[in-house]
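Trainee: Provided herewith: work25.cif, mmCIF, C-alpha atoms.
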data_query
loop_
_atom_site.label_atom_id
_atom_site.label_comp_id
_atom_site.auth_asym_id
_atom_site.auth_seq_id
_atom_site.Cartn_x
_atom_site.Cartn_y
_atom_site.Cartn_z
CA MET O 533 84.31 -42.66 -23.25
CA GLY O 534 87.85 -41.80 -24.26
CA SER O 535 90.66 -42.04 -21.81
CA ALA O 536 91.98 -38.92 -20.15
CA ALA O 537 94.73 -37.17 -22.04
CA ALA O 538 98.23 -37.94 -20.81
CA PRO O 539 100.08 -35.05 -19.20
CA ARG O 540 101.91 -33.05 -21.83
CA ARG O 541 105.64 -33.64 -21.93
CA VAL O 542 107.73 -30.52 -21.54
CA SER O 543 111.39 -30.08 -22.33
CA ARG O 544 114.06 -30.94 -19.77
CA GLN O 545 114.85 -27.23 -19.58
CA ALA O 546 111.22 -26.39 -18.74
CA ALA O 547 111.03 -29.18 -16.17
CA ARG O 548 114.18 -27.90 -14.48
CA LEU O 549 112.82 -24.36 -14.32
CA LEU O 550 109.54 -25.58 -12.83
CA ALA O 551 111.41 -27.57 -10.20
CA ASP O 552 113.58 -24.58 -9.28
CA THR O 553 110.83 -22.02 -8.62
CA PRO O 554 112.38 -19.80 -5.92
CA ALA O 555 110.84 -20.02 -2.45
CA ILE O 556 111.02 -16.22 -2.45
CA ALA O 557 108.38 -15.99 -5.18
CA GLU O 558 106.01 -18.58 -3.72
CA ALA O 559 105.99 -17.05 -0.23
CA HIS O 560 105.65 -13.53 -1.61
CA PHE O 561 102.49 -14.17 -3.60
CA ARG O 562 100.81 -16.15 -0.83
CA ALA O 563 101.47 -13.41 1.70
CA GLU O 564 100.44 -10.63 -0.68
CA ALA O 565 97.12 -12.34 -1.40
CA GLU O 566 95.97 -11.90 2.25
CA PRO O 567 97.87 -8.92 3.68
CA TYR O 568 97.59 -7.84 7.30
CA ASP O 569 95.52 -4.77 8.10
CA ALA O 570 95.04 -3.71 11.71
CA LEU O 571 91.36 -2.92 11.12
CA THR O 572 90.10 -5.04 8.24
CA ARG O 573 92.36 -8.12 8.36
CA PRO O 574 94.13 -8.34 11.73
CA GLY O 575 94.87 -12.03 11.13
CA GLY O 576 96.44 -11.44 7.72
CA TYR O 577 100.01 -12.11 6.61
CA LEU O 578 102.89 -9.76 7.30
CA ASN O 579 105.24 -9.99 4.34
CA LEU O 580 108.78 -9.34 5.52
CA GLY O 581 110.24 -11.87 3.14
CA THR O 582 110.35 -9.71 0.01
CA ALA O 583 113.13 -7.18 -0.60
CA GLU O 584 110.94 -4.33 -1.79
CA ASN O 585 111.59 -0.82 -0.54
CA ARG O 586 108.15 0.58 0.30
CA LEU O 587 109.54 3.63 2.08
CA LEU O 588 110.04 5.82 -1.00
CA TRP O 589 106.77 6.22 -2.86
CA ASP O 590 105.97 9.64 -1.44
CA LEU O 591 109.28 10.87 -2.89
CA LEU O 592 108.59 9.31 -6.30
CA ASP O 593 104.89 10.02 -6.72
CA GLY O 594 105.16 13.76 -7.34
CA ARG O 595 108.28 13.43 -9.44
CA LEU O 596 106.75 10.79 -11.73
CA ALA O 597 103.56 12.84 -12.06
CA GLN O 598 105.62 15.72 -13.46
CA LEU O 599 107.10 13.63 -16.26
CA ALA O 600 105.82 13.94 -19.82
CA PRO O 601 103.09 11.48 -20.80
CA MET O 602 103.62 8.78 -23.39
CA THR O 603 103.86 10.01 -26.98
CA GLU O 604 103.96 8.34 -30.37
CA ALA O 605 107.75 8.20 -30.10
CA THR O 606 107.66 6.35 -26.79
CA ALA O 607 105.17 3.86 -28.23
CA ARG O 608 107.52 2.86 -31.04
CA TYR O 609 110.41 0.42 -31.30
CA ALA O 610 113.72 1.46 -29.78
CA PRO O 611 117.12 -0.27 -29.64
CA LEU O 612 116.45 -3.50 -27.78
CA HIS O 613 119.58 -3.08 -25.63
CA GLY O 614 118.46 0.35 -24.41
CA THR O 615 117.89 3.84 -25.75
CA ALA O 616 120.90 6.10 -26.07
CA VAL O 617 119.35 8.63 -23.69
CA LEU O 618 118.71 6.13 -20.88
CA ARG O 619 122.09 4.46 -21.25
CA GLY O 620 123.78 7.85 -21.20
CA ARG O 621 122.05 8.96 -18.02
CA VAL O 622 122.63 5.63 -16.27
CA ALA O 623 126.29 5.82 -17.28
CA ALA O 624 126.53 9.28 -15.72
CA LEU O 625 124.95 8.06 -12.47
CA LEU O 626 127.06 4.92 -12.21
CA SER O 627 130.29 6.67 -13.18
CA ALA O 628 130.16 8.53 -9.88
CA THR O 629 129.30 5.31 -8.05
CA VAL O 630 132.02 3.20 -9.67
CA GLY O 631 134.68 5.90 -9.41
CA THR O 632 135.60 5.98 -13.10
CA PRO O 633 133.92 7.21 -16.28
CA LEU O 634 131.67 4.59 -17.86
CA ASP O 635 130.94 4.49 -21.57
CA ALA O 636 127.22 4.31 -22.31
CA GLU O 637 128.06 1.94 -25.19
CA ASP O 638 129.22 -0.61 -22.60
CA LEU O 639 125.74 -0.74 -21.00
CA VAL O 640 123.01 -3.19 -21.93
CA VAL O 641 119.52 -2.37 -20.66
CA ILE O 642 117.44 -5.48 -20.14
CA SER O 643 114.33 -6.64 -18.29
CA GLY O 644 115.42 -6.51 -14.66
CA ALA O 645 118.61 -7.47 -12.87
CA THR O 646 117.38 -11.04 -13.31
CA GLY O 647 117.59 -10.55 -17.07
CA ALA O 648 121.08 -9.08 -16.75
CA LEU O 649 122.29 -12.00 -14.61
CA ASP O 650 120.72 -14.50 -16.99
CA ALA O 651 122.40 -12.79 -19.94
CA ILE O 652 125.90 -12.65 -18.46
CA ALA O 653 125.73 -16.26 -17.27
CA SER O 654 124.52 -17.39 -20.70
CA VAL O 655 127.34 -15.49 -22.39
CA LEU O 656 130.10 -16.79 -20.11
CA CYS O 657 129.03 -20.40 -19.53
CA ASP O 658 128.16 -23.44 -21.56
CA PRO O 659 125.75 -25.88 -19.85
CA GLY O 660 127.52 -27.78 -17.10
CA GLU O 661 130.23 -25.18 -16.57
CA ALA O 662 130.24 -23.47 -13.20
CA ILE O 663 130.00 -20.16 -11.38
CA VAL O 664 131.36 -19.92 -7.83
CA VAL O 665 129.24 -17.81 -5.46
CA PRO O 666 130.09 -16.97 -1.81
CA SER O 667 127.32 -18.33 0.41
CA PRO O 668 124.90 -17.48 1.85
CA TYR O 669 123.80 -15.75 -1.33
CA TYR O 670 120.66 -14.24 -2.85
CA GLY O 671 118.26 -17.15 -3.13
CA ALA O 672 117.29 -16.54 -6.76
CA PHE O 673 120.89 -16.69 -8.00
CA ASP O 674 120.42 -20.39 -8.70
CA THR O 675 117.66 -19.57 -11.17
CA ASP O 676 118.97 -16.21 -12.39
CA LEU O 677 122.45 -17.53 -13.16
CA GLY O 678 121.71 -21.16 -13.92
CA GLY O 679 118.06 -21.48 -14.92
CA ARG O 680 118.50 -20.95 -18.66
CA SER O 681 122.27 -20.95 -19.08
CA GLY O 682 122.61 -24.43 -17.60
CA ALA O 683 125.51 -23.21 -15.47
CA ARG O 684 126.24 -24.99 -12.18
CA ILE O 685 126.33 -22.84 -9.06
CA LEU O 686 129.09 -23.82 -6.64
CA PRO O 687 128.74 -22.27 -3.16
CA ALA O 688 131.85 -20.94 -1.45
CA PRO O 689 130.77 -21.19 2.22
CA LEU O 690 131.58 -18.22 4.43
CA ASP O 691 132.30 -18.59 8.14
CA PRO O 692 129.31 -18.10 10.51
CA ALA O 693 131.73 -17.37 13.36
CA ASP O 694 132.97 -14.36 11.35
CA GLY O 695 129.47 -13.12 10.61
CA PHE O 696 129.54 -14.64 7.12
CA ARG O 697 131.90 -11.87 5.99
CA LEU O 698 133.26 -12.16 2.47
CA THR O 699 136.81 -13.49 2.24
CA ALA O 700 138.95 -14.15 -0.80
CA ALA O 701 140.24 -17.29 0.92
CA ALA O 702 136.77 -18.90 0.87
CA VAL O 703 136.43 -18.22 -2.85
CA ASP O 704 139.95 -19.49 -3.50
CA ARG O 705 139.15 -22.76 -1.70
CA ALA O 706 136.02 -23.28 -3.79
CA LEU O 707 137.89 -22.58 -7.02
CA ARG O 708 140.70 -24.99 -6.12
CA ARG O 709 138.23 -27.68 -5.07
CA ALA O 710 136.39 -27.34 -8.38
CA ARG O 711 139.65 -27.70 -10.30
CA GLU O 712 140.55 -30.83 -8.32
CA GLU O 713 137.15 -32.29 -9.21
CA GLY O 714 137.56 -31.52 -12.89
CA ILE O 715 134.85 -28.83 -12.97
CA THR O 716 135.31 -25.96 -15.41
CA VAL O 717 134.60 -22.66 -13.64
CA ARG O 718 133.99 -19.62 -15.81
CA ALA O 719 133.20 -16.95 -13.21
CA VAL O 720 132.81 -15.87 -9.62
CA ALA O 721 129.60 -14.00 -8.82
CA LEU O 722 128.70 -12.03 -5.71
CA SER O 723 126.22 -9.47 -4.47
CA SER O 724 127.84 -6.22 -3.40
CA PRO O 725 126.61 -5.01 -0.93
CA SER O 726 125.76 -8.54 0.07
CA ASN O 727 122.30 -10.04 0.15
CA PRO O 728 121.18 -11.42 2.64
CA ILE O 729 123.89 -10.28 5.08
CA GLY O 730 123.94 -6.56 4.25
CA GLU O 731 127.74 -6.39 4.35
CA VAL O 732 129.41 -3.53 2.51
CA HIS O 733 132.58 -5.21 1.28
CA PRO O 734 135.72 -3.26 2.28
CA PRO O 735 137.98 -2.22 -0.60
CA GLU O 736 140.87 -4.34 0.62
CA VAL O 737 138.64 -7.44 0.56
CA LEU O 738 137.49 -6.69 -2.99
CA ALA O 739 141.09 -6.11 -4.09
CA GLU O 740 142.13 -9.48 -2.64
CA LEU O 741 139.14 -11.18 -4.26
CA LEU O 742 140.10 -9.73 -7.63
CA ARG O 743 143.64 -11.00 -7.14
CA VAL O 744 142.24 -14.51 -6.61
CA VAL O 745 139.88 -14.23 -9.59
CA ARG O 746 142.75 -13.14 -11.81
CA GLU O 747 144.99 -15.92 -10.51
CA HIS O 748 142.35 -18.49 -11.48
CA ASP O 749 141.69 -16.76 -14.83
CA VAL O 750 137.92 -16.45 -14.37
CA ASP O 751 135.52 -13.54 -14.80
CA LEU O 752 133.89 -11.63 -11.94
CA VAL O 753 130.16 -10.82 -11.96
CA SER O 754 129.27 -8.22 -9.33
CA ASP O 755 125.56 -7.72 -8.63
CA GLU O 756 125.53 -4.14 -7.31
CA ILE O 757 121.76 -3.71 -7.19
CA TYR O 758 122.08 -2.23 -3.64
CA ALA O 759 124.94 0.15 -4.51
CA HIS O 760 123.04 3.24 -3.33
CA ALA O 761 121.34 1.53 -0.38
CA VAL O 762 124.25 1.93 2.05
CA PHE O 763 123.42 3.47 5.43
CA GLY O 764 126.29 2.25 7.61
CA PRO O 765 129.77 3.68 8.17
CA GLN O 766 131.53 1.59 5.50
CA ALA O 767 131.36 3.40 2.14
CA PHE O 768 130.44 1.42 -0.95
CA THR O 769 133.21 0.39 -3.33
CA SER O 770 132.34 -1.09 -6.71
CA ALA O 771 134.20 -4.14 -7.98
CA ALA O 772 134.85 -2.07 -11.14
CA ASP O 773 136.51 0.78 -9.21
CA PRO O 774 140.09 1.18 -10.51
CA ALA O 775 141.25 1.62 -6.92
CA VAL O 776 140.58 -2.09 -6.29
CA ASN O 777 140.51 -3.34 -9.87
CA PRO O 778 143.43 -1.92 -11.86
CA ASP O 779 144.06 -5.05 -13.96
CA TRP O 780 140.83 -7.06 -14.40
CA ALA O 781 138.30 -4.46 -15.58
CA GLY O 782 137.83 -6.18 -18.93
CA ARG O 783 136.80 -9.38 -17.16
CA THR O 784 134.58 -7.70 -14.56
CA HIS O 785 130.86 -7.35 -15.30
CA VAL O 786 128.56 -5.23 -13.12
CA VAL O 787 124.79 -5.62 -12.78
CA TRP O 788 122.59 -2.80 -11.52
CA GLY O 789 118.92 -1.82 -11.76
CA PHE O 790 116.11 0.45 -10.62
CA ALA O 791 114.35 -2.09 -8.37
CA LYS O 792 116.16 -1.41 -5.09
CA ASP O 793 117.84 2.01 -5.09
CA PHE O 794 114.82 3.65 -6.71
CA GLY O 795 112.12 1.40 -5.24
CA LEU O 796 110.73 0.53 -8.68
CA PRO O 797 110.81 -3.28 -8.97
CA GLY O 798 107.65 -3.38 -11.06
CA LEU O 799 109.32 -1.48 -13.90
CA LYS O 800 111.68 -4.44 -14.41
CA THR O 801 114.68 -2.52 -15.67
CA GLY O 802 118.18 -3.84 -15.18
CA VAL O 803 121.56 -2.86 -16.57
CA LEU O 804 124.65 -4.88 -17.41
CA HIS O 805 127.98 -3.09 -17.70
CA THR O 806 130.82 -4.87 -19.46
CA ARG O 807 133.94 -3.61 -21.19
CA ASP O 808 134.46 -6.83 -23.16
CA PRO O 809 133.22 -6.16 -26.74
CA ARG O 810 132.33 -9.80 -27.43
CA VAL O 811 130.42 -10.14 -24.17
CA ARG O 812 128.66 -6.84 -24.81
CA GLU O 813 127.54 -7.83 -28.31
CA ALA O 814 126.33 -11.23 -27.12
CA ALA O 815 124.42 -9.62 -24.25
CA ARG O 816 122.84 -7.17 -26.68
CA ALA O 817 121.68 -10.11 -28.77
CA LEU O 818 120.12 -11.74 -25.68
CA ALA O 819 118.34 -8.47 -24.83
CA TYR O 820 116.19 -9.21 -27.90
CA PHE O 821 114.35 -11.76 -25.74
CA ALA O 822 113.92 -9.53 -22.68
CA PRO O 823 113.71 -5.87 -23.73
CA VAL O 824 112.40 -3.02 -21.61
CA SER O 825 109.50 -1.11 -23.14
CA THR O 826 110.34 2.17 -24.84
CA ALA O 827 107.84 3.98 -22.62
CA THR O 828 109.43 2.61 -19.45
CA GLN O 829 112.88 3.62 -20.67
CA HIS O 830 111.61 7.11 -21.43
CA THR O 831 110.14 7.41 -17.92
CA LEU O 832 113.37 6.30 -16.26
CA ALA O 833 115.50 8.56 -18.45
CA GLU O 834 113.34 11.51 -17.42
CA LEU O 835 113.60 10.44 -13.78
CA LEU O 836 117.39 10.74 -14.06
CA ALA O 837 117.32 14.00 -16.00
CA ASP O 838 117.79 16.16 -12.88
CA PRO O 839 121.02 15.10 -11.13
CA GLU O 840 120.26 17.29 -8.10
CA TRP O 841 116.92 15.59 -7.57
CA VAL O 842 118.54 12.16 -7.99
CA ALA O 843 121.25 12.96 -5.42
CA SER O 844 118.67 14.28 -2.95
CA PHE O 845 116.39 11.28 -3.49
CA LEU O 846 119.16 8.73 -2.97
CA ALA O 847 120.39 10.56 0.13
CA GLU O 848 116.92 10.58 1.67
CA GLY O 849 116.51 6.93 0.74
CA ARG O 850 119.69 6.06 2.64
CA ARG O 851 118.52 8.08 5.63
CA ARG O 852 115.20 6.23 5.70
CA LEU O 853 116.93 2.89 5.37
CA GLY O 854 119.12 3.70 8.35
CA SER O 855 116.10 4.72 10.40
CA SER O 856 114.18 1.58 9.43
CA TYR O 857 117.18 -0.62 10.25
CA GLY O 858 117.58 1.08 13.62
CA HIS O 859 113.90 0.57 14.40
CA LEU O 860 114.08 -3.15 13.59
CA THR O 861 117.30 -3.83 15.46
CA GLY O 862 115.94 -1.99 18.48
CA LEU O 863 112.97 -4.34 18.49
CA LEU O 864 115.18 -7.42 18.06
CA GLU O 865 117.38 -6.36 20.94
CA ALA O 866 114.37 -5.66 23.11
CA TYR O 867 113.17 -9.23 22.60
CA GLY O 868 116.64 -10.75 22.75
CA ILE O 869 116.67 -12.02 19.17
CA PRO O 870 120.25 -12.18 17.84
CA TYR O 871 121.19 -10.94 14.36
CA ALA O 872 124.19 -10.14 12.17
CA PRO O 873 124.79 -6.36 11.91
CA ALA O 874 124.20 -4.87 8.46
CA GLY O 875 125.39 -1.71 6.75
CA ALA O 876 123.27 -1.78 3.60
CA GLY O 877 120.22 -3.27 1.96
CA PHE O 878 116.69 -3.95 3.08
CA SER O 879 117.10 -6.93 5.38
CA VAL O 880 118.58 -8.30 8.58
CA TRP O 881 119.99 -11.82 8.97
CA LEU O 882 118.39 -13.31 12.10
CA ASP O 883 119.94 -16.11 14.15
CA LEU O 884 117.04 -18.30 15.30
CA GLY O 885 119.12 -21.44 15.63
CA ARG O 886 118.37 -21.98 19.30
CA TRP O 887 114.63 -22.13 18.61
CA LEU O 888 114.64 -24.73 15.84
CA PRO O 889 112.05 -27.46 16.56
CA GLY O 890 114.28 -30.10 14.95
CA ALA O 891 117.84 -30.73 13.86
CA GLY O 892 119.61 -29.10 10.93
CA PHE O 893 117.91 -27.65 7.89
CA THR O 894 114.87 -29.86 8.49
CA GLY O 895 114.32 -28.04 11.76
CA GLU O 896 114.89 -24.71 10.03
CA GLU O 897 112.21 -25.47 7.46
CA LEU O 898 109.81 -26.54 10.21
CA LEU O 899 110.27 -23.22 12.02
CA TRP O 900 109.85 -21.31 8.76
CA ARG O 901 106.57 -23.08 8.05
CA GLU O 902 105.34 -22.53 11.62
CA LEU O 903 106.07 -18.82 11.41
CA PHE O 904 104.34 -18.61 8.04
CA GLU O 905 101.28 -20.74 8.77
CA LYS O 906 100.74 -20.04 12.50
CA ALA O 907 102.23 -16.59 13.16
CA LYS O 908 101.35 -15.45 9.61
CA VAL O 909 104.75 -13.84 9.16
CA SER O 910 106.70 -14.34 5.96
CA ILE O 911 110.45 -14.31 6.41
CA LEU O 912 112.79 -16.57 4.48
CA PRO O 913 114.90 -19.46 5.80
CA GLY O 914 118.66 -19.54 5.39
CA GLY O 915 118.43 -22.69 3.31
CA ALA O 916 116.87 -20.60 0.54
CA PHE O 917 120.11 -18.60 0.52
CA ARG O 918 122.39 -21.65 0.65
CA SER O 919 123.46 -20.78 4.17
CA PRO O 920 126.29 -23.08 5.29
CA GLU O 921 124.67 -23.28 8.74
CA PRO O 922 120.98 -23.85 9.65
CA GLY O 923 118.95 -21.50 11.81
CA TRP O 924 119.39 -18.21 9.96
CA PHE O 925 116.49 -16.24 8.46
CA ARG O 926 116.25 -13.11 6.31
CA LEU O 927 113.78 -10.47 7.50
CA CYS O 928 113.14 -7.43 5.26
CA HIS O 929 112.25 -4.27 7.15
CA THR O 930 111.50 -1.72 4.39
CA VAL O 931 107.77 -1.46 5.08
CA ASP O 932 105.84 0.78 7.45
CA ALA O 933 107.29 0.68 10.97
CA PRO O 934 104.05 -0.57 12.64
CA LEU O 935 104.07 -3.60 10.31
CA VAL O 936 107.65 -4.39 11.29
CA ALA O 937 106.76 -4.05 14.96
CA GLU O 938 103.76 -6.37 14.63
CA ALA O 939 105.82 -8.94 12.73
CA VAL O 940 108.58 -8.97 15.35
CA ARG O 941 105.96 -9.20 18.11
CA ARG O 942 104.43 -12.27 16.42
CA ILE O 943 107.83 -13.91 15.88
CA ALA O 944 108.79 -13.29 19.49
CA ALA O 945 105.47 -14.64 20.75
CA HIS O 946 105.93 -17.80 18.69
CA LEU O 947 109.40 -18.22 20.16
CA GLY O 948 108.08 -17.60 23.70
CA LEU O 949 109.94 -14.31 24.15
CA SER O 950 108.85 -11.21 26.03
CA PRO O 951 110.37 -7.72 25.79
CA GLN O 952 113.39 -7.33 28.02
CA ALA O 953 113.69 -4.51 30.52
CA GLY O 954 115.18 -1.28 29.26
CA PRO O 955 114.40 1.39 26.64
CA GLN O 956 111.92 0.24 24.02
CA PRO O 957 112.32 1.08 20.33
CA THR O 958 110.10 3.73 18.85
CA THR O 959 108.39 3.83 15.48
#
Would you give me this structure, written as structure tokens?

Mentor:
Amino acid sequence: MGSAAAPRRVSRQAARLLADTPAIAEAHFRAEAEPYDALTRPGGYLNLGTAENRLLWDLLDGRLAQLAPMTEATARYAPLHGTAVLRGRVAALLSATVGTPLDAEDLVVISGATGALDAIASVLCDPGEAIVVPSPYYGAFDTDLGGRSGARILPAPLDPADGFRLTAAAVDRALRRAREEGITVRAVALSSPSNPIGEVHPPEVLAELLRVVREHDVDLVSDEIYAHAVFGPQAFTSAADPAVNPDWAGRTHVVWGFAKDFGLPGLKTGVLHTRDPRVREAARALAYFAPVSTATQHTLAELLADPEWVASFLAEGRRRLGSSYGHLTGLLEAYGIPYAPAGAGFSVWLDLGRWLPGAGFTGEELLWRELFEKAKVSILPGGAFRSPEPGWFRLCHTVDAPLVAEAVRRIAAHLGLSPQAGPQPTT
């Protein structure tokens, strides 16, 4: 008998990607395979670890059904960086959001915000060069920004005592430290509004950040995937808004997509906006490897064809987000579970530090596994977001209110908490 075949060798790049599979993806698919149902699977998983907005389908269903079906034209090749019609309509939408007219020629449509982040990192960085990111940050940034580009991600830790609010000083420290260590930094990247905190960055903070970025002569990448998901009192300001960015627009690159604001993550359509012609052309070339289907682009262009419907849809989406957030925070307060207040996004940043069964991030991972395996609740640990302090968890609340209530009840029961006296939240 012949000997068993040796495991196939893969490239160093492939091995690195396999080793860096985001915890977000692994937990999501396990939880989705056995979902909770009050009647048919009461012991199933409650997935509050995935930032999907499942509150909008009733608003989208009828609208999508009205759109024209696929034709021969939508089954054919189209420009791989996006059709002129879709780029034009996205430019019109984002011009109002950014606060200045955007040229559709400066947009690159690509497969998801992940594709846009991968493209901009690959254009800006050679392998081993760095991108500074305020932390905690979206857990997949490590892969999105560094997985194929080979860029190093350098966290700029934010202060837990200040609610992890973005400060230019934290970014400045990280940039100066990198220079002292001989590391070449090409960009600063951030999520705005922030993920996982849900902070809507004030304009004065963005202006100061841009001053620091300009001083260090690096680019700014602003992931604004939650730009229209603001429900709190602080209005959204884009990093490309001339009011905060009068001098660095050519070195500022904005990422947006349909996954969050429109609740359509499965359509995998992201957008990169850049005013730098060389960056734009390079990103267009990279879109060759991750294009969006012509039919999908046609559907999304038709979805944006009625500006009144779009404005009404986004307004109702914000209202529902605010209601969902209020429901969750009412439950957390009833059980005495602390959290960082949010003004945007789909999640709340929970402080479970006092209940860790062990020290540091080891204890945090133990609690995460206990909640997942015993309570059957999927939320994500702060370590997955490069939190500078252990004990924080991201809980996404944009699912049906009874599912949120059951998840919080299970978490509280695992922590040994009972509802406190006083008004109880309603669904």

Trainee: Hey, can you check how far atom CA of Ile652 of chain O sits from atom CA of Glu731 of chain O?

Mentor: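 Pair atom CA of Ile652 of chain O / atom CA of Glu731 of chain O returns 23.7 Å.
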
Trainee: How close does segment 649-735 of chain O get to segment 788-809 of chain O? List, as a tab-separated table, each residue of segment 649-735 of chain O within 12 Å, its nearest atom pair and the distance in Å to one decimal, counting all atoms listed in the file.

Mentor:
residue	atom	partner	partner_atom	distance
O:Leu649	CA	O:Leu804	CA	8.0
O:Asp650	CA	O:Leu804	CA	10.4
O:Ala651	CA	O:Leu804	CA	8.6
O:Ile652	CA	O:Leu804	CA	7.9
O:Ala653	CA	O:Leu804	CA	11.4
O:Val655	CA	O:Asp808	CA	11.2
O:Leu656	CA	O:Asp808	CA	11.3
O:Ser723	CA	O:Trp788	CA	10.4
O:Ser724	CA	O:Trp788	CA	10.3
O:Pro725	CA	O:Trp788	CA	11.5
O:Asn727	CA	O:Lys792	CA	11.8

Trainee: Write out, as a PDB file, in the frame of the given file, the residues just selected, with C-alpha atoms.

Mentor:
ATOM      1  CA  LEU O 649     122.290 -12.000 -14.610  1.00  0.00           C
ATOM      2  CA  ASP O 650     120.720 -14.500 -16.990  1.00  0.00           C
ATOM      3  CA  ALA O 651     122.400 -12.790 -19.940  1.00  0.00           C
ATOM      4  CA  ILE O 652     125.900 -12.650 -18.460  1.00  0.00           C
ATOM      5  CA  ALA O 653     125.730 -16.260 -17.270  1.00  0.00           C
ATOM      6  CA  VAL O 655     127.340 -15.490 -22.390  1.00  0.00           C
ATOM      7  CA  LEU O 656     130.100 -16.790 -20.110  1.00  0.00           C
ATOM      8  CA  SER O 723     126.220  -9.470  -4.470  1.00  0.00           C
ATOM      9  CA  SER O 724     127.840  -6.220  -3.400  1.00  0.00           C
ATOM     10  CA  PRO O 725     126.610  -5.010  -0.930  1.00  0.00           C
ATOM     11  CA  ASN O 727     122.300 -10.040   0.150  1.00  0.00           C
TER      12      ASN O 727
END

Trainee: Could you tell me how far atom CA of Pro659 of chain O sits from atom CA of Arg684 of chain O, in Å to one decimal place?

Mentor: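 Distance reported for this atom pair: 7.7 Å.
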
Trainee: Leaving out Thr699 of chain O and any residue of its chain fewer than 5 positions from it, which residues lie within 8 Å of it when counting all atoms listed in the file, given as a list in words?

Mentor: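 Answer for this query is Leu690, Val737 and Leu741 of chain O.
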
Trainee: Applying 9 Å and all atoms listed in the file, which residues near Trp887 of chain O remain after dropping the ones on its own chain fewer than 2 positions away? List them as a list in words.

Mentor: Leu884, Gly885, Pro889, Gly890, Glu896, Leu899, Gly923 and Leu947 of chain O

Trainee: List, as a PyMOL selection string, every residue that the PyMOL selection byres ((chain O and resi 642) around 6) selects in the file provided.

Mentor: chain O and resi 641+643-644+647+802+819+822-824

Trainee: With a distance cut-off of 8 Å and all atoms listed in the file, select the neighbouring residues of Ser770 of chain O, excluding the residue or stretch itself and same-chain residues fewer than 5 positions from it, and output the selection as a ChimeraX atom specification.

Mentor: /O:629-631,724,756,759

Trainee: Name the residues captured by the PyMOL selection byres ((chain O and resi 925) around 6) when it is applied to the shown file; answer as a ChimeraX atom specification.

Mentor: /O:881-882,912-914,924,926

Trainee: What is the distance, in Å and to one decimal place, between atom CA of Thr632 of chain O and atom CA of Ala874 of chain O?

Mentor: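 A separation of 26.7 Å between them.
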
Trainee: Please tell me which residues are no farther than 12 Å from (120.8, 4.4, -22.7) in the file, counting all atoms listed in the file, and write them as a ChimeraX atom specification.

Mentor: /O:610-625,634-642,801-805,824,826,828-830,832-834,836
